[in-house]
Amino acid sequence: MSQEQTSSQFSLLEDDASAPPVLQWIWPAMICALAYALYNIFIKKGSDHIHPVFGGVLLQVVAACLGALLLLCLVIYNKYIDENEDELDEVLDVPKEGILWSCLAGLAVGMAEMISFYVMSTGVPAVQAIPVIIGGSVLFGSLLGVMMLGEYMGVQGW
């Protein structure tokens, strides 16, 4: 076997030179992880008191309101405060592909939220369900990143 063939077999272990430095993304990622942890704890707390579908829909409505408020703030800031029309156009001009992937992500998260409410309502302790759900998400996300996005798992950034 040639060195080139051997190298391509182990591409999952190579460094990815395009990955940003850890310090650039680690703190926002940790805040995101905390938000997901709170999300799961809040679902566990509410799951005994609400139907899984209604709980999931209510959660999505609240999240949509928060997102709409943030979008409104971006529009107001870029149009009236910063007067940066180029950035405003960038925020509001979305190609069809961006809309498609956002809608598919919405379908996936909607299913995940309702199923999460159901799982938590079965009485399984949060200390068991959350690691399975989040750990499974890490596993599936990593595998799908390789299979669907053509990415490879590298040491860069870790």
# chains A, B, ... in the order shown; residues from 1 in each chain; ligands from 1
>>> residues_around(residues="A:Pro125", least_positions_apart="5", cutoff="12 Å", atoms="only C-alpha atoms", output="NGL selection string")
:A and (40-41 or 43-45 or 47 or 119-120 or 130-132)
>>> atom_distance(atom1="atom CA of A:Leu139", atom2="atom CA of A:Val109")
16.4 Å
>>> residues_around(residues="stretch 72-74 of chain A", least_positions_apart="4", cutoff="10 Å", atoms="only C-alpha atoms", output="VMD selection string")
chain A and resid 66 to 68 78 to 79 81 87 to 88 91 to 92
>>> residues_around(residues="A:Leu59", least_positions_apart="5", cutoff="12 Å", atoms="only C-alpha atoms", output="MDAnalysis selection string")
chainID A and resid 39:40 42:43 46:47 50:54 64:66 109:114 116:117
>>> atom_distance(atom1="atom CA of A:Val22", atom2="atom CA of A:Met153")
14.8 Å
>>> select_by_dssp(residues="chain A", states="alpha helix (DSSP H)", output="NGL selection string")
:A and (3-9 or 22-47 or 52-76 or 85-92 or 96-121 or 126-149)
>>> atom_distance(atom1="atom CA of A:Asp89", atom2="atom CA of A:Leu69")
17.7 Å
